[in-house]
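**Q** This is the structure, below, for whatever I ask next.
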Amino acid sequence: MNLVTTDWLQNNLKNVKIIDCSWHMPITKRNGFNEYLKKHIENSIFFDLDKNSNKNINLPHMLVNSDEWQRIVSEMGIKNNDLLVIYDNSDLISSCRCWYNFIYFGHNPKFVKVLNGGLRKWIKEGKETTSHIKNFKRTNYQTNELKKLVKSKKEIDENIITSKFKLVDARSINRFKGLEKEPRKSLRSGSIKNSLCLPYNECINKKTYEFLDRSELIEKFDKIIDNINETNIVFSCGSGVTAAVLAFALSLINESYLPIIYDGSWSEYGKYPS
């Protein structure tokens, strides 16, 4: 299971590397790093989704190259055999994107966990936070890039004809149907032809911030995927963040599934002209 509970983490703070991957949409006017400086779980290392993305392309949150990932993670003080627990304080469950990045670059999937309910649940339960930042010694992290876990626009276009994989969009139904304007400028409304839609927040309990239980998740995915044991499922969204939430949710009910993301998502596909 890729999820850990707040109680489990509290009892294992010294046995894991903890990553705070809080990220917020610009419209919220919140800053994940500034919030981290004021309050985070003990020994947490901050991972900046914007900063640690490819700066050589005009698309948000795209994967960096292998050498850059080695540098980023080495500077975080993380080793290849570390057990990682990732959390966030974000409505978008941004910890799942960090989870995906680590798996893409070859960290053992069994060693990458997400904190169920995130920092909000941790605080709600009265568990300790701190503003103290612990510095970890630089490591020599090595990557093993799994390129099959990312799709390009070319592959998405080809799939419209060949239907080799199912493409599931994590955006809201209204955005998917083109009934609502996109939050990013220069993007048309709508969705990729033949894609399906499961809004990522339908997989989350809105009161506890936790993922739905297994039976509820199965019910959600059964409505859009003929066989939840399929492994050739690709997820997209606005910028590759909430796509990872759906990929993570599917991994909770299909242990054979490794996350596959259309990295450019609608930020790339929805650019004018069509």
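Note on naming: chains are A, B, ... as they come in the structure tokens, residues start from 1 per chain, ligands start from 1 in the order shown.
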Would you mind listing, for every residue of range 11-32 of chain A within 7 Å of range 94-103 of chain A, the two atoms forming the shortest contact and the distance between them in Å to one decimal, using only C-alpha atoms, sorted by chain and ascending residue number, as JSON lines?

**A**
```
{"residue": "A:Cys21", "atom": "CA", "partner": "A:Ser95", "partner_atom": "CA", "distance": 5.2}
{"residue": "A:Ser22", "atom": "CA", "partner": "A:Ser94", "partner_atom": "CA", "distance": 6.1}
{"residue": "A:Trp23", "atom": "CA", "partner": "A:Ser94", "partner_atom": "CA", "distance": 6.0}
```

**Q** Print the selection's residues with N, CA, C and O atoms to a file, as a PDB file, in the first residue's frame.

**A**
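Listing of out-v8.pdb after writing:
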```pdb
ATOM      1  N   CYS A  21       5.603  18.549  -0.095  1.00  0.00           N
ATOM      2  CA  CYS A  21       5.435  18.967  -1.491  1.00  0.00           C
ATOM      3  C   CYS A  21       4.178  19.806  -1.649  1.00  0.00           C
ATOM      4  O   CYS A  21       3.387  19.595  -2.565  1.00  0.00           O
ATOM      5  N   SER A  22       3.989  20.756  -0.760  1.00  0.00           N
ATOM      6  CA  SER A  22       2.808  21.618  -0.833  1.00  0.00           C
ATOM      7  C   SER A  22       2.930  22.587  -2.008  1.00  0.00           C
ATOM      8  O   SER A  22       3.942  23.265  -2.161  1.00  0.00           O
ATOM      9  N   TRP A  23       1.886  22.619  -2.823  1.00  0.00           N
ATOM     10  CA  TRP A  23       1.843  23.516  -3.983  1.00  0.00           C
ATOM     11  C   TRP A  23       0.411  23.999  -4.163  1.00  0.00           C
ATOM     12  O   TRP A  23      -0.530  23.242  -3.963  1.00  0.00           O
TER      13      TRP A  23
END
```

**Q** Can you tell me which residues surround Lys166 in chain A at a distance of at most 8 Å, considering only C-alpha atoms, apart from same-chain residues fewer than 3 positions away, and format the answer as an MDAnalysis selection string?

**A** chainID A and resid 163 195:196 232:234

**Q** Show me, as a PyMOL selection string, the residues that have an atom within 6 Å of range 142-144 of chain A when counting only C-alpha atoms, minus same-chain residues fewer than 4 positions from it.

**A** chain A and resi 70+105-106

**Q** Run DSSP on the backbone and tell me which residues of range 55-218 of chain A come out as strand (DSSP E); list them as a ChimeraX atom specification.

**A** /A:84-87,112-115,150-151,166-169,196-197

**Q** Given the selection you just returned, output its residues as a file containing N, CA, C and O atoms, formatted as a PDB file, in the first residue's frame.

**A**
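Ended up saving to again14.pdb:
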```
ATOM      1  N   LEU A  84      10.583   6.901   1.666  1.00  0.00           N
ATOM      2  CA  LEU A  84      10.112   8.278   1.581  1.00  0.00           C
ATOM      3  C   LEU A  84       8.636   8.365   1.955  1.00  0.00           C
ATOM      4  O   LEU A  84       7.828   7.532   1.546  1.00  0.00           O
ATOM      5  N   VAL A  85       8.292   9.401   2.713  1.00  0.00           N
ATOM      6  CA  VAL A  85       6.897   9.721   2.980  1.00  0.00           C
ATOM      7  C   VAL A  85       6.673  11.160   2.536  1.00  0.00           C
ATOM      8  O   VAL A  85       7.327  12.081   3.024  1.00  0.00           O
ATOM      9  N   ILE A  86       5.757  11.329   1.591  1.00  0.00           N
ATOM     10  CA  ILE A  86       5.503  12.637   0.999  1.00  0.00           C
ATOM     11  C   ILE A  86       4.138  13.144   1.456  1.00  0.00           C
ATOM     12  O   ILE A  86       3.173  12.384   1.477  1.00  0.00           O
ATOM     13  N   TYR A  87       4.086  14.423   1.838  1.00  0.00           N
ATOM     14  CA  TYR A  87       2.795  14.999   2.223  1.00  0.00           C
ATOM     15  C   TYR A  87       2.662  16.383   1.608  1.00  0.00           C
ATOM     16  O   TYR A  87       3.605  16.923   1.018  1.00  0.00           O
ATOM     17  N   VAL A 112       8.173   4.539  -1.710  1.00  0.00           N
ATOM     18  CA  VAL A 112       7.626   5.894  -1.891  1.00  0.00           C
ATOM     19  C   VAL A 112       6.178   5.897  -1.410  1.00  0.00           C
ATOM     20  O   VAL A 112       5.314   5.283  -2.031  1.00  0.00           O
ATOM     21  N   LYS A 113       5.915   6.598  -0.327  1.00  0.00           N
ATOM     22  CA  LYS A 113       4.592   6.619   0.299  1.00  0.00           C
ATOM     23  C   LYS A 113       4.029   8.036   0.330  1.00  0.00           C
ATOM     24  O   LYS A 113       4.778   9.013   0.319  1.00  0.00           O
ATOM     25  N   VAL A 114       2.725   8.115   0.406  1.00  0.00           N
ATOM     26  CA  VAL A 114       2.031   9.396   0.574  1.00  0.00           C
ATOM     27  C   VAL A 114       1.291   9.377   1.905  1.00  0.00           C
ATOM     28  O   VAL A 114       0.707   8.352   2.287  1.00  0.00           O
ATOM     29  N   LEU A 115       1.358  10.482   2.630  1.00  0.00           N
ATOM     30  CA  LEU A 115       0.674  10.596   3.921  1.00  0.00           C
ATOM     31  C   LEU A 115      -0.804  10.845   3.691  1.00  0.00           C
ATOM     32  O   LEU A 115      -1.195  11.869   3.122  1.00  0.00           O
ATOM     33  N   VAL A 150       5.797   8.055 -19.152  1.00  0.00           N
ATOM     34  CA  VAL A 150       5.404   9.397 -19.591  1.00  0.00           C
ATOM     35  C   VAL A 150       4.989   9.334 -21.060  1.00  0.00           C
ATOM     36  O   VAL A 150       5.559   8.581 -21.850  1.00  0.00           O
ATOM     37  N   LYS A 151       3.955  10.110 -21.416  1.00  0.00           N
ATOM     38  CA  LYS A 151       3.499  10.174 -22.799  1.00  0.00           C
ATOM     39  C   LYS A 151       3.697  11.575 -23.359  1.00  0.00           C
ATOM     40  O   LYS A 151       3.571  12.565 -22.643  1.00  0.00           O
ATOM     41  N   LYS A 166      -6.085   3.814 -22.641  1.00  0.00           N
ATOM     42  CA  LYS A 166      -7.173   4.702 -22.230  1.00  0.00           C
ATOM     43  C   LYS A 166      -6.559   5.955 -21.623  1.00  0.00           C
ATOM     44  O   LYS A 166      -5.610   5.880 -20.840  1.00  0.00           O
ATOM     45  N   LEU A 167      -7.110   7.110 -21.961  1.00  0.00           N
ATOM     46  CA  LEU A 167      -6.650   8.385 -21.430  1.00  0.00           C
ATOM     47  C   LEU A 167      -7.745   8.960 -20.541  1.00  0.00           C
ATOM     48  O   LEU A 167      -8.875   9.167 -20.994  1.00  0.00           O
ATOM     49  N   VAL A 168      -7.403   9.224 -19.287  1.00  0.00           N
ATOM     50  CA  VAL A 168      -8.378   9.715 -18.309  1.00  0.00           C
ATOM     51  C   VAL A 168      -7.955  11.094 -17.820  1.00  0.00           C
ATOM     52  O   VAL A 168      -6.828  11.289 -17.372  1.00  0.00           O
ATOM     53  N   ASP A 169      -8.863  12.040 -17.902  1.00  0.00           N
ATOM     54  CA  ASP A 169      -8.632  13.442 -17.549  1.00  0.00           C
ATOM     55  C   ASP A 169      -9.086  13.682 -16.109  1.00  0.00           C
ATOM     56  O   ASP A 169     -10.203  13.322 -15.737  1.00  0.00           O
ATOM     57  N   LEU A 196     -11.514  10.142 -21.374  1.00  0.00           N
ATOM     58  CA  LEU A 196     -12.540   9.967 -20.360  1.00  0.00           C
ATOM     59  C   LEU A 196     -12.291  10.957 -19.235  1.00  0.00           C
ATOM     60  O   LEU A 196     -11.211  11.558 -19.170  1.00  0.00           O
ATOM     61  N   CYS A 197     -13.250  11.117 -18.339  1.00  0.00           N
ATOM     62  CA  CYS A 197     -13.073  12.084 -17.251  1.00  0.00           C
ATOM     63  C   CYS A 197     -13.447  11.481 -15.909  1.00  0.00           C
ATOM     64  O   CYS A 197     -14.520  10.889 -15.752  1.00  0.00           O
TER      65      CYS A 197
END
```

**Q** Which distance in Å separates CA of Gly264 in chain A and CA of Ile228 in chain A, to one decimal?

**A** 24.5 Å

**Q** Measuring atom to atom with only C-alpha atoms, identify which of A:Phe136, A:Tyr269, A:Phe111, A:Phe33 is nearest to Gly240 in chain A.

**A**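 The shortest atom-to-atom distance to Gly240 in chain A comes from A:Tyr269.
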
**Q** Restricting the calculation to only C-alpha atoms: of A:Lys271, A:Lys55, A:Asp7, A:Asn108, which residue gets closest to Leu146 in chain A?

**A**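 Using only C-alpha atoms, the shortest distance to Leu146 in chain A belongs to A:Asn108.
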
**Q** For CA of Ser90 in chain A and CA of Asn201 in chain A, quote the distance in Å rounded to one decimal.

**A**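 Separation between CA of Ser90 in chain A and CA of Asn201 in chain A: 11.9 Å.
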
**Q** Residues of range 19-94 of chain A classed as alpha helix (DSSP H) by DSSP on the backbone are to be reported as a list in words.

**A**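 DSSP on the backbone gives alpha helix (DSSP H) at Gly32, Phe33, Asn34, Glu35, Tyr36, Leu37, Lys38, Ser66, Asp67, Glu68, Trp69, Gln70, Arg71, Ile72, Val73, Ser74 and Glu75 of chain A.
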
**Q** Write out the residues from the selection above, keeping N, CA and C atoms, as a JSON list (two decimals), in the first residue's frame.

**A**
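Heads up, here's the output in part.json:
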```json
[["chain", "number", "residue", "atom", "x", "y", "z"],
["A", 32, "GLY", "N", 3.50, 27.67, -0.98],
["A", 32, "GLY", "CA", 3.80, 26.45, -0.25],
["A", 32, "GLY", "C", 5.08, 26.54, 0.56],
["A", 33, "PHE", "N", 6.11, 27.17, -0.01],
["A", 33, "PHE", "CA", 7.39, 27.25, 0.71],
["A", 33, "PHE", "C", 7.30, 28.16, 1.92],
["A", 34, "ASN", "N", 6.62, 29.30, 1.77],
["A", 34, "ASN", "CA", 6.45, 30.21, 2.91],
["A", 34, "ASN", "C", 5.68, 29.53, 4.04],
["A", 35, "GLU", "N", 4.68, 28.74, 3.70],
["A", 35, "GLU", "CA", 3.92, 28.01, 4.71],
["A", 35, "GLU", "C", 4.81, 26.96, 5.38],
["A", 36, "TYR", "N", 5.64, 26.31, 4.59],
["A", 36, "TYR", "CA", 6.59, 25.32, 5.12],
["A", 36, "TYR", "C", 7.54, 25.95, 6.14],
["A", 37, "LEU", "N", 8.01, 27.16, 5.84],
["A", 37, "LEU", "CA", 8.95, 27.82, 6.75],
["A", 37, "LEU", "C", 8.32, 28.07, 8.12],
["A", 38, "LYS", "N", 7.01, 28.28, 8.14],
["A", 38, "LYS", "CA", 6.32, 28.56, 9.39],
["A", 38, "LYS", "C", 5.90, 27.30, 10.14],
["A", 66, "SER", "N", 17.41, 13.46, -16.45],
["A", 66, "SER", "CA", 17.92, 12.53, -15.44],
["A", 66, "SER", "C", 19.03, 13.14, -14.60],
["A", 67, "ASP", "N", 19.97, 13.84, -15.25],
["A", 67, "ASP", "CA", 21.09, 14.45, -14.51],
["A", 67, "ASP", "C", 20.60, 15.50, -13.52],
["A", 68, "GLU", "N", 19.62, 16.29, -13.95],
["A", 68, "GLU", "CA", 19.08, 17.33, -13.07],
["A", 68, "GLU", "C", 18.36, 16.70, -11.88],
["A", 69, "TRP", "N", 17.63, 15.61, -12.12],
["A", 69, "TRP", "CA", 16.94, 14.95, -11.01],
["A", 69, "TRP", "C", 17.95, 14.39, -10.00],
["A", 70, "GLN", "N", 19.03, 13.84, -10.50],
["A", 70, "GLN", "CA", 20.08, 13.34, -9.59],
["A", 70, "GLN", "C", 20.60, 14.46, -8.72],
["A", 71, "ARG", "N", 20.82, 15.63, -9.32],
["A", 71, "ARG", "CA", 21.33, 16.76, -8.56],
["A", 71, "ARG", "C", 20.31, 17.21, -7.52],
["A", 72, "ILE", "N", 19.05, 17.36, -7.93],
["A", 72, "ILE", "CA", 18.00, 17.84, -7.03],
["A", 72, "ILE", "C", 17.88, 16.93, -5.81],
["A", 73, "VAL", "N", 17.76, 15.64, -6.05],
["A", 73, "VAL", "CA", 17.52, 14.69, -4.97],
["A", 73, "VAL", "C", 18.77, 14.50, -4.10],
["A", 74, "SER", "N", 19.93, 14.55, -4.72],
["A", 74, "SER", "CA", 21.18, 14.46, -3.95],
["A", 74, "SER", "C", 21.29, 15.64, -2.99],
["A", 75, "GLU", "N", 20.93, 16.83, -3.45],
["A", 75, "GLU", "CA", 20.99, 18.02, -2.59],
["A", 75, "GLU", "C", 19.94, 17.98, -1.49]]
```

**Q** So, counting only C-alpha atoms, which residue among A:Arg30, A:Lys39, A:Arg171, A:Lys207 is closest to Ile192 in chain A?

**A**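 Closest candidate: A:Arg171.
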
**Q** Would you pick out the contacts of Tyr257 in chain A at 9 Å or less, using only C-alpha atoms, so that residues sharing its chain but fewer than 2 positions from it are not included, and give the list as a list of chain:residue names?

**A** A:Asn229, A:Glu230, A:Thr231, A:Asn232, A:Ile233, A:Ala247, A:Leu250, A:Ser251, A:Leu252, A:Ile253, A:Asn254, A:Glu255, A:Pro259, A:Ile260

**Q** In Å, with one decimal, what is the gap from CA of Trp122 in chain A to CA of Phe221 in chain A?

**A** 27.9 Å
